[in-house]
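Coordinates as given in structure.cif (mmCIF, C-alpha atoms):
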data_final
loop_
_atom_site.label_atom_id
_atom_site.label_comp_id
_atom_site.auth_asym_id
_atom_site.auth_seq_id
_atom_site.Cartn_x
_atom_site.Cartn_y
_atom_site.Cartn_z
CA MET E 29 -17.93 1.90 -31.71
CA SER E 30 -18.93 0.79 -28.33
CA SER E 31 -15.35 0.01 -27.46
CA THR E 32 -14.34 3.49 -28.58
CA ARG E 33 -16.92 5.09 -26.38
CA THR E 34 -15.89 2.91 -23.51
CA PHE E 35 -12.32 3.94 -24.02
CA GLN E 36 -13.17 7.62 -24.04
CA GLN E 37 -15.36 7.30 -21.03
CA THR E 38 -12.67 5.37 -19.29
CA GLN E 39 -10.17 8.11 -19.96
CA GLU E 40 -12.50 10.89 -18.97
CA THR E 41 -13.87 9.39 -15.84
CA LYS E 42 -10.64 7.97 -14.61
CA ALA E 43 -8.52 10.97 -15.36
CA THR E 44 -7.79 13.26 -12.51
CA ALA E 45 -4.66 12.47 -10.62
CA GLY E 46 -1.10 13.04 -11.54
CA LYS E 47 1.10 15.51 -9.80
CA MET E 48 0.49 15.04 -6.16
CA PRO E 49 2.31 16.52 -3.25
CA ILE E 50 5.36 14.32 -3.00
CA TRP E 51 4.46 12.71 0.24
CA GLY E 52 1.10 14.12 0.97
CA ALA E 53 -0.85 12.19 -1.55
CA SER E 54 -0.73 8.53 -1.94
CA VAL E 55 -2.75 6.78 -4.57
CA SER E 56 -6.12 8.01 -3.55
CA GLU E 57 -6.65 9.11 -0.01
CA VAL E 58 -10.32 8.96 -0.58
CA GLY E 59 -10.91 12.20 -2.35
CA GLN E 60 -9.21 14.25 0.29
CA LEU E 61 -6.31 15.31 -1.90
CA PHE E 62 -7.46 15.23 -5.44
CA GLU E 63 -8.53 18.79 -5.82
CA SER E 64 -4.94 19.88 -6.02
CA ALA E 65 -3.89 17.05 -8.28
CA GLU E 66 -2.87 17.88 -11.81
CA ALA E 67 -1.48 15.57 -14.41
CA VAL E 68 2.18 15.61 -15.23
CA LEU E 69 2.90 12.63 -17.40
CA THR E 70 4.27 13.36 -20.81
CA LYS E 71 2.49 11.79 -23.69
CA PRO E 72 3.84 8.36 -24.47
CA ASN E 73 4.56 7.45 -28.05
CA LEU E 74 1.25 5.74 -28.51
CA LYS E 75 1.30 5.38 -32.25
CA SER E 76 4.52 3.49 -32.55
CA GLU E 77 3.67 1.28 -29.62
CA TRP E 78 0.22 0.63 -30.88
CA ASP E 79 1.45 -0.43 -34.28
CA GLY E 80 3.76 -2.94 -32.76
CA GLY E 81 1.54 -4.80 -30.38
CA PRO E 82 -0.37 -4.46 -27.17
CA LEU E 83 -0.26 -0.86 -26.07
CA VAL E 84 -2.55 -0.14 -23.24
CA SER E 85 -3.22 -3.63 -22.27
CA LEU E 86 -6.46 -3.19 -20.54
CA LEU E 87 -8.37 -0.19 -21.56
CA ASP E 88 -11.58 -2.09 -22.00
CA TYR E 89 -10.61 -3.15 -25.48
CA PRO E 90 -11.53 -6.58 -26.72
CA PRO E 91 -8.57 -8.40 -28.27
CA GLU E 92 -9.60 -7.40 -31.75
CA ALA E 93 -9.92 -3.76 -30.81
CA PRO E 94 -6.86 -2.05 -32.21
CA THR E 95 -8.63 -1.18 -35.40
CA GLU E 96 -8.45 2.04 -37.31
CA HIS E 97 -11.26 3.80 -35.47
CA VAL E 98 -9.54 3.15 -32.17
CA ARG E 99 -6.25 4.48 -33.47
CA LYS E 100 -8.05 7.56 -34.71
CA ASP E 101 -9.67 7.97 -31.37
CA ILE E 102 -6.33 7.85 -29.64
CA ARG E 103 -4.78 10.32 -32.04
CA GLU E 104 -7.64 12.76 -31.74
CA ASN E 105 -8.47 12.49 -28.13
CA TYR E 106 -5.22 12.03 -26.34
CA SER E 107 -3.89 15.37 -25.25
CA GLN E 108 -0.24 16.13 -24.81
CA LEU E 109 -0.67 15.26 -21.19
CA ILE E 110 -2.29 12.10 -19.98
CA ARG E 111 -4.48 12.92 -17.07
CA LEU E 112 -4.32 9.92 -14.89
CA THR E 113 -6.89 8.82 -12.49
CA SER E 114 -6.25 7.52 -9.06
CA PRO E 115 -6.66 3.76 -8.99
CA ARG E 116 -9.12 3.70 -6.17
CA GLY E 117 -8.84 0.41 -4.43
CA PRO E 118 -11.81 -0.98 -2.59
CA GLN E 119 -12.51 0.86 0.63
CA ARG E 120 -13.26 -1.37 3.53
CA LEU E 121 -15.14 -0.15 6.57
CA PHE E 122 -13.70 -2.52 9.10
CA GLU E 123 -13.19 -2.16 12.81
CA ILE E 124 -10.45 -4.46 14.03
CA LEU E 125 -11.26 -5.95 17.41
CA GLN E 126 -8.16 -8.09 17.59
CA GLN E 127 -5.38 -8.97 15.22
CA TRP E 128 -2.60 -11.52 15.49
CA GLU E 129 0.48 -12.56 13.63
CA GLY E 130 0.92 -16.32 13.73
CA VAL E 131 3.56 -18.84 12.84
CA VAL E 132 2.36 -22.28 11.83
CA SER E 133 3.94 -24.97 13.98
CA GLU E 134 2.06 -28.05 12.81
CA ILE E 135 -0.50 -29.01 10.20
CA THR E 136 -2.81 -31.96 10.73
CA GLU E 137 -5.44 -33.39 8.47
CA ASP E 138 -8.05 -30.83 9.41
CA SER E 139 -6.38 -28.25 11.60
CA VAL E 140 -3.45 -25.90 11.92
CA TRP E 141 -1.47 -25.32 15.12
CA ALA E 142 0.21 -21.97 15.45
CA ASP E 143 1.97 -19.61 17.84
CA LEU E 144 0.29 -16.20 17.96
CA VAL E 145 1.54 -12.72 18.75
CA ASP E 146 -1.14 -10.15 19.47
CA LEU E 147 -0.67 -7.22 17.08
CA THR E 148 -3.29 -5.13 18.84
CA ASP E 149 -1.40 -5.38 22.14
CA ARG E 150 2.14 -6.62 21.81
CA THR E 151 2.60 -6.72 25.57
CA ARG E 152 0.33 -9.76 25.75
CA ALA E 153 1.95 -13.15 26.06
CA GLU E 154 2.22 -15.42 23.05
CA GLU E 155 -0.58 -17.91 22.64
CA VAL E 156 -0.84 -21.30 21.02
CA VAL E 157 -3.96 -21.92 18.97
CA GLU E 158 -5.51 -24.68 16.92
CA LEU E 159 -7.40 -23.41 13.90
CA PRO E 160 -9.65 -25.47 11.64
CA LEU E 161 -8.03 -25.86 8.23
CA ALA E 162 -11.30 -24.63 6.77
CA GLU E 163 -10.44 -21.17 8.14
CA ILE E 164 -7.59 -20.93 5.65
CA CYS E 165 -8.54 -19.58 2.25
CA PRO E 166 -8.21 -22.32 -0.41
CA ALA E 167 -5.99 -19.98 -2.43
CA ASP E 168 -3.53 -19.91 0.45
CA ARG E 169 -3.49 -23.62 1.27
CA PRO E 170 -0.85 -24.57 -1.32
CA ILE E 171 1.67 -22.30 0.43
CA LEU E 172 0.69 -23.35 3.94
CA ARG E 173 3.44 -25.26 5.71
CA PRO E 174 5.11 -25.32 9.10
CA GLY E 175 6.91 -22.01 9.51
CA SER E 176 4.40 -20.07 7.41
CA VAL E 177 3.52 -16.67 8.82
CA PHE E 178 -0.08 -15.54 8.72
CA TYR E 179 -2.21 -12.59 9.79
CA TRP E 180 -5.48 -13.18 11.57
CA ALA E 181 -7.96 -10.37 12.09
CA ILE E 182 -11.31 -10.49 13.79
CA GLY E 183 -13.60 -7.53 13.75
CA ARG E 184 -16.74 -5.94 12.51
CA GLU E 185 -17.35 -4.92 8.92
CA TRP E 186 -19.98 -2.55 7.64
CA THR E 187 -21.50 -2.82 4.23
CA ARG E 188 -22.35 0.31 2.27
CA SER E 189 -25.96 -0.05 3.32
CA GLY E 190 -24.91 0.00 6.95
CA GLN E 191 -25.27 -3.71 7.70
CA MET E 192 -22.69 -4.88 10.20
CA ARG E 193 -21.25 -8.37 10.22
CA ARG E 194 -18.59 -10.09 12.27
CA ILE E 195 -15.58 -11.25 10.35
CA SER E 196 -12.66 -13.57 11.01
CA GLU E 197 -10.06 -13.45 8.29
CA ILE E 198 -6.74 -15.22 7.85
CA ARG E 199 -4.15 -14.43 5.24
CA ILE E 200 -0.90 -16.31 4.75
CA ARG E 201 2.15 -14.14 4.30
CA ARG E 202 3.56 -14.35 0.81
CA THR E 203 7.21 -14.07 0.03
CA PRO E 204 8.82 -14.08 -3.39
CA GLN E 205 9.63 -17.38 -5.01
CA TRP E 206 13.31 -18.12 -5.28
CA SER E 207 14.53 -17.52 -8.80
CA GLN E 208 16.55 -20.26 -10.46
CA HIS E 209 19.47 -17.84 -10.53
CA ALA E 210 19.23 -17.38 -6.76
CA VAL E 211 18.92 -21.13 -6.22
CA ASP E 212 21.99 -21.72 -8.41
CA LEU E 213 23.95 -19.13 -6.46
CA LEU E 214 22.98 -20.69 -3.15
CA ASN E 215 23.83 -24.17 -4.42
CA ALA E 216 27.22 -22.98 -5.59
CA LYS E 217 27.86 -21.32 -2.24
CA ALA E 218 26.78 -24.45 -0.35
CA THR E 219 29.00 -26.63 -2.50
CA ASP E 220 31.92 -24.31 -1.90
CA LEU E 221 31.35 -24.34 1.86
CA LEU E 222 31.01 -28.14 1.89
CA GLU E 223 34.26 -28.54 -0.01
CA ARG E 224 36.04 -26.19 2.36
CA PHE E 225 34.58 -27.98 5.35
CA ASN E 226 35.62 -31.40 4.02
CA GLY E 227 39.06 -30.01 3.25
CA ASP E 228 39.39 -28.71 6.79
CA VAL E 229 38.32 -32.08 8.19
CA GLU E 230 40.89 -33.89 6.04
CA ASN E 231 43.63 -31.40 7.00
CA THR E 232 42.75 -31.70 10.64
CA ALA E 233 42.85 -35.53 10.42
CA ALA E 234 46.18 -35.42 8.58
CA THR E 235 47.83 -33.20 11.16
CA GLY E 236 46.23 -35.06 14.04
CA GLN E 237 44.89 -31.83 15.57
CA MET T 12 -27.21 4.50 -1.23
CA ALA T 13 -28.31 4.95 2.33
CA PRO T 14 -26.06 7.11 4.48
CA ARG T 15 -24.07 5.13 6.96
CA LYS T 16 -24.31 6.48 10.45
CA ILE T 17 -22.35 4.01 12.50
CA GLY T 18 -19.13 2.11 12.23
CA PRO T 19 -15.62 3.15 11.28
CA GLU T 20 -14.73 5.67 8.64
CA VAL T 21 -12.47 5.24 5.66
CA GLN T 22 -8.82 4.80 6.47
CA GLY T 23 -5.75 3.59 4.69
CA ALA T 24 -2.01 3.29 4.42
CA SER T 25 0.44 3.56 1.61
CA ILE T 26 4.09 3.07 0.79
CA VAL T 27 5.66 5.46 -1.66
CA ALA T 28 9.09 5.25 -3.24
CA LEU T 29 10.87 7.67 -5.54
CA GLY T 30 13.50 6.40 -7.89
CA SER T 31 13.67 4.96 -11.35
CA PHE T 32 11.10 2.31 -12.14
CA ASN T 33 10.04 0.26 -15.11
CA PRO T 34 6.24 0.48 -14.95
CA ALA T 35 5.67 -2.19 -17.61
CA ILE T 36 6.79 -4.85 -15.16
CA PHE T 37 4.07 -4.06 -12.67
CA HIS T 38 1.32 -6.26 -14.03
CA PRO T 39 -0.97 -8.21 -11.69
CA LEU T 40 0.20 -11.47 -13.23
CA TRP T 41 3.80 -10.56 -12.45
CA PHE T 42 2.80 -10.27 -8.80
CA SER T 43 0.94 -13.56 -8.71
CA GLY T 44 3.65 -15.26 -10.75
CA ASN T 45 6.13 -14.26 -8.10
CA ASN T 46 3.87 -15.44 -5.30
CA LEU T 47 3.28 -11.93 -3.98
CA ILE T 48 -0.49 -12.03 -4.32
CA ARG T 49 -3.04 -14.78 -4.87
CA LYS T 50 -3.65 -15.81 -8.46
CA GLU T 51 -7.34 -15.08 -7.96
CA GLU T 52 -6.48 -11.54 -6.91
CA ALA T 53 -4.41 -11.04 -10.05
CA ASP T 54 -7.12 -12.50 -12.26
CA GLY T 55 -9.70 -10.20 -10.72
CA ALA T 56 -7.56 -7.06 -10.78
CA ASP T 57 -8.99 -3.94 -12.31
CA VAL T 58 -6.21 -2.84 -14.60
CA LYS T 59 -6.42 0.73 -15.84
CA ILE T 60 -3.21 0.83 -17.81
CA ILE T 61 0.04 -1.05 -18.11
CA HIS T 62 2.50 0.78 -20.29
CA SER T 63 6.18 1.55 -20.45
CA GLU T 64 5.52 4.89 -18.76
CA VAL T 65 2.81 4.08 -16.30
CA ALA T 66 1.12 1.14 -14.59
CA ILE T 67 -2.09 1.51 -12.66
CA PHE T 68 -4.29 -1.23 -11.30
CA SER T 69 -6.25 -2.14 -8.23
CA ALA T 70 -6.76 -5.60 -6.83
CA GLU T 71 -9.02 -6.98 -4.13
CA TRP T 72 -7.30 -5.17 -1.27
CA PHE T 73 -4.70 -2.81 -2.70
CA SER T 74 -4.05 -0.42 -5.52
CA LEU T 75 -0.81 0.30 -7.27
CA GLN T 76 0.48 3.15 -9.36
CA VAL T 77 3.93 3.21 -10.87
CA MET T 78 5.33 5.93 -13.04
CA GLY T 79 8.91 6.36 -14.15
CA GLU T 80 10.00 7.98 -10.93
CA ARG T 81 7.26 7.08 -8.51
CA TYR T 82 5.93 3.88 -6.98
CA VAL T 83 2.84 3.92 -4.77
CA VAL T 84 1.08 0.95 -3.27
CA GLU T 85 -1.90 1.55 -1.04
CA THR T 86 -4.62 -0.24 0.83
CA GLU T 87 -7.83 1.00 2.33
CA ASP T 88 -8.43 -2.26 4.12
CA PRO T 89 -7.26 -1.91 7.73
CA THR T 90 -6.67 -5.66 8.01
CA LYS T 91 -4.04 -5.49 5.25
CA TYR T 92 -1.41 -3.09 6.53
CA GLN T 93 1.03 -5.94 7.18
CA PRO T 94 0.34 -7.61 3.82
CA LEU T 95 0.88 -4.20 2.19
CA ARG T 96 4.33 -4.05 3.77
CA ASP T 97 5.00 -7.62 2.65
CA LEU T 98 3.93 -6.77 -0.88
CA ALA T 99 6.38 -3.87 -1.12
CA LEU T 100 9.09 -5.95 0.53
CA GLY T 101 8.59 -8.84 -1.85
CA THR T 102 8.43 -6.57 -4.88
CA PHE T 103 11.77 -4.94 -4.22
CA LYS T 104 13.42 -8.12 -3.05
CA ILE T 105 12.83 -9.30 -6.58
CA LEU T 106 13.60 -5.95 -8.22
CA GLU T 107 16.74 -5.65 -6.17
CA HIS T 108 18.58 -3.49 -8.70
CA THR T 109 15.92 -0.77 -8.80
CA PRO T 110 17.43 2.62 -7.99
CA VAL T 111 15.48 4.16 -5.10
CA ARG T 112 16.40 7.56 -3.72
CA ALA T 113 13.65 8.26 -1.18
CA PHE T 114 10.62 6.61 0.29
CA GLY T 115 7.82 7.30 2.69
CA PHE T 116 5.15 5.64 4.78
CA ASN T 117 1.66 7.08 4.93
CA ARG T 118 -1.30 6.43 7.17
CA TYR T 119 -4.55 8.38 7.13
CA GLN T 120 -8.07 8.22 8.43
CA HIS T 121 -11.31 10.14 8.35
CA ILE T 122 -12.67 10.45 11.86
CA ARG T 123 -16.20 11.46 12.69
CA LEU T 124 -16.55 13.90 15.59
CA ALA T 125 -19.46 13.96 17.97
CA SER T 126 -20.89 17.32 17.00
CA GLU T 127 -20.39 20.47 14.97
CA GLU T 128 -19.29 22.16 18.16
CA ASP T 129 -16.55 19.55 18.55
CA TRP T 130 -15.57 20.06 14.95
CA HIS T 131 -15.08 23.81 15.47
CA ALA T 132 -13.32 23.21 18.77
CA PHE T 133 -10.86 20.88 17.03
CA GLY T 134 -9.98 23.49 14.43
CA ASP T 135 -9.87 26.34 16.94
CA HIS T 136 -7.55 24.39 19.19
CA TYR T 137 -4.94 23.67 16.55
CA VAL T 138 -5.38 26.92 14.58
CA PRO T 139 -6.55 29.66 16.97
CA LYS T 140 -8.49 32.28 15.03
CA GLU T 141 -7.66 35.41 17.02
CA SER T 142 -4.67 36.30 14.85
CA TRP T 143 -6.74 36.00 11.70
CA ARG T 144 -9.85 37.93 12.61
CA ALA T 145 -8.16 41.29 11.89
CA VAL T 146 -7.75 40.31 8.24
CA LEU T 147 -10.37 37.62 7.60
CA ASP T 148 -14.05 37.32 8.33
CA LYS T 149 -15.03 33.89 9.58
CA PRO T 150 -11.53 32.39 9.42
CA GLY T 151 -11.48 28.63 9.38
CA MET T 152 -8.81 25.98 9.29
CA ARG T 153 -8.50 24.44 5.85
CA ALA T 154 -5.35 22.42 6.43
CA LEU T 155 -2.53 22.30 8.91
CA ILE T 156 0.79 20.53 8.43
CA VAL T 157 3.25 20.20 11.26
CA GLU T 158 6.57 18.48 10.80
CA GLY T 159 9.14 17.09 13.13
CA LYS T 160 10.73 13.80 13.97
CA ARG T 161 9.49 10.65 15.59
CA GLU T 162 11.53 9.65 18.60
CA GLY T 163 13.56 6.55 17.87
CA SER T 164 13.03 6.79 14.12
CA ALA T 165 15.80 7.23 11.58
CA ALA T 166 13.41 9.00 9.22
CA ASP T 167 14.37 12.43 7.95
CA GLN T 168 11.00 13.90 8.65
CA MET T 169 7.57 13.19 10.06
CA GLN T 170 4.61 15.22 8.88
CA VAL T 171 1.22 15.36 10.51
CA LYS T 172 -1.56 16.90 8.48
CA ILE T 173 -5.04 17.68 9.69
CA GLU T 174 -7.92 18.90 7.58
CA PRO T 175 -11.68 19.02 7.79
CA SER T 176 -12.86 15.74 6.33
CA ARG T 177 -14.56 15.82 2.96
CA GLN T 178 -15.98 12.40 3.63
CA VAL T 179 -17.70 12.77 6.95
CA HIS T 180 -19.27 15.76 8.61
CA PRO T 181 -18.60 16.73 11.25
CA GLY T 182 -15.26 15.03 10.93
CA VAL T 183 -11.55 15.47 10.47
CA PHE T 184 -8.95 13.90 8.24
CA ILE T 185 -5.63 13.03 9.86
CA HIS T 186 -2.68 12.04 7.72
CA LEU T 187 0.76 10.97 8.87
CA ASN T 188 3.77 10.78 6.60
CA GLU T 189 7.20 9.51 7.50
CA HIS T 190 9.82 10.41 4.94
CA TYR T 191 13.23 8.85 4.41
CA ASN T 192 15.94 10.11 2.10
CA ILE T 193 18.53 7.61 1.03
CA PRO T 194 22.11 8.88 1.19
CA GLU T 195 23.17 10.09 -2.25
CA ASP T 196 26.38 8.08 -2.29
CA SER T 197 24.52 4.79 -1.77
CA SER T 198 24.79 2.16 -4.48
CA PRO T 199 21.45 0.91 -5.85
CA MET T 200 21.87 -2.33 -3.90
CA ASP T 201 22.61 -0.42 -0.69
CA ALA T 202 19.66 1.88 -1.32
CA ILE T 203 17.27 -1.03 -1.77
CA ALA T 204 18.69 -2.74 1.29
CA PHE T 205 18.09 0.44 3.29
CA PHE T 206 14.53 0.73 1.98
CA LEU T 207 13.72 -2.91 2.70
CA GLY T 208 15.39 -2.74 6.08
CA LYS T 209 13.24 0.19 7.15
CA LEU T 210 10.12 -1.44 5.80
CA GLN T 211 10.94 -4.52 7.82
CA SER T 212 11.92 -2.75 11.01
CA SER T 213 9.90 0.48 11.10
CA TRP T 214 6.52 -0.16 9.47
CA ASP T 215 4.90 -1.62 12.57
CA ASP T 216 6.35 1.15 14.72
CA PHE T 217 5.03 3.70 12.28
CA LEU T 218 1.54 2.17 12.48
CA ALA T 219 1.70 2.14 16.26
CA TYR T 220 2.83 5.77 16.21
CA TRP T 221 -0.21 6.63 14.12
CA GLN T 222 -2.43 5.33 16.92
CA ARG T 223 -0.60 7.46 19.41
CA VAL T 224 -0.78 10.60 17.28
CA SER T 225 -4.43 10.28 16.36
CA GLN T 226 -5.48 9.51 19.92
CA HIS T 227 -3.44 12.44 21.18
CA LEU T 228 -4.88 14.87 18.65
CA LEU T 229 -8.41 13.77 19.44
CA SER T 230 -8.01 13.98 23.20
CA GLU T 231 -5.87 17.13 23.35
CA TYR T 232 -8.46 19.50 21.91
CA ARG T 233 -11.16 18.22 24.23
CA GLU T 234 -9.09 19.24 27.22
CA GLY T 235 -9.00 22.78 25.84
CA LYS T 236 -12.78 22.97 25.37
#

Kindly transcribe the structure held in the file into structure tokens.
Amino acid sequence: MSSTRTFQQTQETKATAGKMPIWGASVSEVGQLFESAEAVLTKPNLKSEWDGGPLVSLLDYPPEAPTEHVRKDIRENYSQLIRLTSPRGPQRLFEILQQWEGVVSEITEDSVWADLVDLTDRTRAEEVVELPLAEICPADRPILRPGSVFYWAIGREWTRSGQMRRISEIRIRRTPQWSQHAVDLLNAKATDLLERFNGDVENTAATGQ
Amino acid sequence: MAPRKIGPEVQGASIVALGSFNPAIFHPLWFSGNNLIRKEEADGADVKIIHSEVAIFSAEWFSLQVMGERYVVETEDPTKYQPLRDLALGTFKILEHTPVRAFGFNRYQHIRLASEEDWHAFGDHYVPKESWRAVLDKPGMRALIVEGKREGSAADQMQVKIEPSRQVHPGVFIHLNEHYNIPEDSSPMDAIAFFLGKLQSSWDDFLAYWQRVSQHLLSEYREGK
């Protein structure tokens, strides 16, 4: 029963957003726009989906949850319209003092060399900097290589209780992994170009031009 | 929770696209699997719902909502406006066949003003009350939207909205929206290329324009005081 209650509470407390002014409202905008928000989603076919497998993959249900009482709860408590909530992301009270975009030029055993562009004042000249490798988040180190782009912000952050702390934060830019299909296409194109190039070289040698 | 009296106020940015989306794809693990976010961020995401008709979750620094015709990704972390752009770019580089017909950039901020007098002066400057006093007692500005174009931008429309802030008092909420329509005769691939091209080339300019607009709005009314 606890999972049922959690589900209901989840739906009730998270349900407010929906139809927002097309451009006016983004996901949340911190409560500024929600008063005019009304739900517009039509009811999905929950029953058929639920019978077949994972339906609402995360609504606080344990894996064994889709039992009869949960199904009943969905049938009885879902209205014709789902009233969606805004997925409020974490709000961060951060004052940027300076921010750079960097390109890694060299990686040594314990440091990273990079060329920096000042994002807070783009008229400033580029700088070269050596950063300790420890400044890079461990989650980003596997993708760190010469040519990697990163964002570096320094500033002051306030906690909810009002405590201020100084922060330096680096994040490596992430780009999509090449799909095998894309790699195959590029390989085919490269092979084609190589063959054409070799053919041109042979033709040129044959004609003596 | 103790009231916070110093420091910056809440601000954010978002990228919105209208088109035809498949919400079920937009799972945190899809993003980490495609190297768009850290695996730890995907593992720690707060997923509200992933379903064929809607996907909603928030991760460490962004939130995402996708419905059949609407995609919104947003951050309220001012250090992540570039990563937000990269996230949208990466997403639609992978989903390159997604039909998109319009998109928009948003930037907003709550700004605390020095005094109640300043707060009234701000509203009076942008919405003078003289015209309203004949028909309303105590008229006050609730919201003001002004639209136009940003010089040098290919966007169809720029909207600036100002409201009294509901977060800080005395304070104002300033919201900028830049809207792009994609030509109707564009193929899906051309439409995505247009969207990604503008994200790549105009996002930083849009953010810089926000600074200019907000600073102008906050200095202009003081000159009229």

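Taking atom CA of Gly30 of chain T as the reference point, atom CA of Phe114 of chain T is found at 8.7 Å.
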
When you look at segment 87-98 of chain T with a cut-off of 7 Å (counting only C-alpha atoms), what residues show up, excluding the ones that are within fewer than 5 positions of it in the same chain? I need them as a CSV table (one decimal) with C-alpha atoms, keeping the file's coordinate frame.
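Now in part.csv:
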chain,number,residue,atom,x,y,z
E,117,GLY,CA,-8.8,0.4,-4.4
E,118,PRO,CA,-11.8,-1.0,-2.6
E,119,GLN,CA,-12.5,0.9,0.6
E,120,ARG,CA,-13.3,-1.4,3.5
E,122,PHE,CA,-13.7,-2.5,9.1
E,181,ALA,CA,-8.0,-10.4,12.1
E,201,ARG,CA,2.2,-14.1,4.3
T,22,GLN,CA,-8.8,4.8,6.5
T,23,GLY,CA,-5.8,3.6,4.7
T,24,ALA,CA,-2.0,3.3,4.4
T,47,LEU,CA,3.3,-11.9,-4.0
T,72,TRP,CA,-7.3,-5.2,-1.3
T,210,LEU,CA,10.1,-1.4,5.8

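Atom to atom, atom CA of Trp186 of chain E and atom CA of Val171 of chain T stand 27.9 Å apart.
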
Using only the atoms of segment 22-35 of chain T listed in the file, plus 3 Å on each side, state the axis-aligned box centre and edge lengths in Å rounded to one decimal, as AutoDock Vina command-line options.
--center_x 2.4 --center_y 2.7 --center_z -5.6 --size_x 28.5 --size_y 15.9 --size_z 30.1

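The smallest atom-to-atom distance between Ile200 of chain E and any of E:Leu214, E:Val157, E:Val132, E:Ile124, using all atoms listed in the file, is found for E:Val132.
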
Carefully work through the PyMOL selection byres ((chain T and resi 117) around 7) for this structure and note down the residues it includes, as number ranges by chain.
-> T: 24-26, 115-116, 118-119, 187-189

Could you list the residues chosen by the PyMOL selection byres ((chain T and resi 184) around 8) in this structure as a list of chain:residue names?
-> E:Gln60, T:Tyr119, T:Gln120, T:His121, T:Ile122, T:Lys172, T:Ile173, T:Glu174, T:Pro175, T:Ser176, T:Arg177, T:Gly182, T:Val183, T:Ile185, T:His186

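Rounded to one decimal, atom CA of Glu185 of chain E and atom CA of Glu71 of chain T lie 15.6 Å from each other.
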
Would you please work out which residue, of E:Gly130, E:Gly183, E:Gly190, E:Pro160, is nearest to chain T when using all atoms listed in the file?
-> E:Gly190

Just say which residues the PyMOL selection byres ((chain T and resi 190-207) around 8) picks in this file, as number ranges by chain.
-> E: 51; T: 100, 103-104, 107-116, 165-169, 188-189, 208-211

Those selected residues, please, written with C-alpha atoms and delivered as a PDB file, in the frame of the given file.
ATOM      1  CA  TRP E  51       4.460  12.710   0.240  1.00  0.00           C
TER       2      TRP E  51
ATOM      3  CA  LEU T 100       9.090  -5.950   0.530  1.00  0.00           C
ATOM      4  CA  PHE T 103      11.770  -4.940  -4.220  1.00  0.00           C
ATOM      5  CA  LYS T 104      13.420  -8.120  -3.050  1.00  0.00           C
ATOM      6  CA  GLU T 107      16.740  -5.650  -6.170  1.00  0.00           C
ATOM      7  CA  HIS T 108      18.580  -3.490  -8.700  1.00  0.00           C
ATOM      8  CA  THR T 109      15.920  -0.770  -8.800  1.00  0.00           C
ATOM      9  CA  PRO T 110      17.430   2.620  -7.990  1.00  0.00           C
ATOM     10  CA  VAL T 111      15.480   4.160  -5.100  1.00  0.00           C
ATOM     11  CA  ARG T 112      16.400   7.560  -3.720  1.00  0.00           C
ATOM     12  CA  ALA T 113      13.650   8.260  -1.180  1.00  0.00           C
ATOM     13  CA  PHE T 114      10.620   6.610   0.290  1.00  0.00           C
ATOM     14  CA  GLY T 115       7.820   7.300   2.690  1.00  0.00           C
ATOM     15  CA  PHE T 116       5.150   5.640   4.780  1.00  0.00           C
ATOM     16  CA  ALA T 165      15.800   7.230  11.580  1.00  0.00           C
ATOM     17  CA  ALA T 166      13.410   9.000   9.220  1.00  0.00           C
ATOM     18  CA  ASP T 167      14.370  12.430   7.950  1.00  0.00           C
ATOM     19  CA  GLN T 168      11.000  13.900   8.650  1.00  0.00           C
ATOM     20  CA  MET T 169       7.570  13.190  10.060  1.00  0.00           C
ATOM     21  CA  ASN T 188       3.770  10.780   6.600  1.00  0.00           C
ATOM     22  CA  GLU T 189       7.200   9.510   7.500  1.00  0.00           C
ATOM     23  CA  GLY T 208      15.390  -2.740   6.080  1.00  0.00           C
ATOM     24  CA  LYS T 209      13.240   0.190   7.150  1.00  0.00           C
ATOM     25  CA  LEU T 210      10.120  -1.440   5.800  1.00  0.00           C
ATOM     26  CA  GLN T 211      10.940  -4.520   7.820  1.00  0.00           C
TER      27      GLN T 211
END

For the point (-10.5, 31.3, 13.3) in file coordinates, what residues are within 12 Å, counting all atoms listed in the file? Give the answer as a VMD selection string?
-> chain T and resid 131 to 153

Given the point (-4.9, -24.6, 10.7) in the file's coordinates, find the residues that have an atom at most 6 Å from it, counting all atoms listed in the file, and give them as a PDB file with C-alpha atoms, in the coordinates of the input.
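Written output follows (out_5.pdb):
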ATOM      1  CA  SER E 139      -6.380 -28.250  11.600  1.00  0.00           C
ATOM      2  CA  VAL E 140      -3.450 -25.900  11.920  1.00  0.00           C
ATOM      3  CA  TRP E 141      -1.470 -25.320  15.120  1.00  0.00           C
ATOM      4  CA  LEU E 159      -7.400 -23.410  13.900  1.00  0.00           C
ATOM      5  CA  PRO E 160      -9.650 -25.470  11.640  1.00  0.00           C
ATOM      6  CA  LEU E 161      -8.030 -25.860   8.230  1.00  0.00           C
TER       7      LEU E 161
END

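With all atoms listed in the file as the basis for measurement, T:Ser43 is the residue among T:Ser43, T:Ala154, T:Val65, T:Glu80 that approaches Thr102 of chain T most closely.
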
For chain E, which residue among T:Gly163, T:Gly101, T:Gly79, T:Gly44 is the nearest when counting only C-alpha atoms?
-> T:Gly101
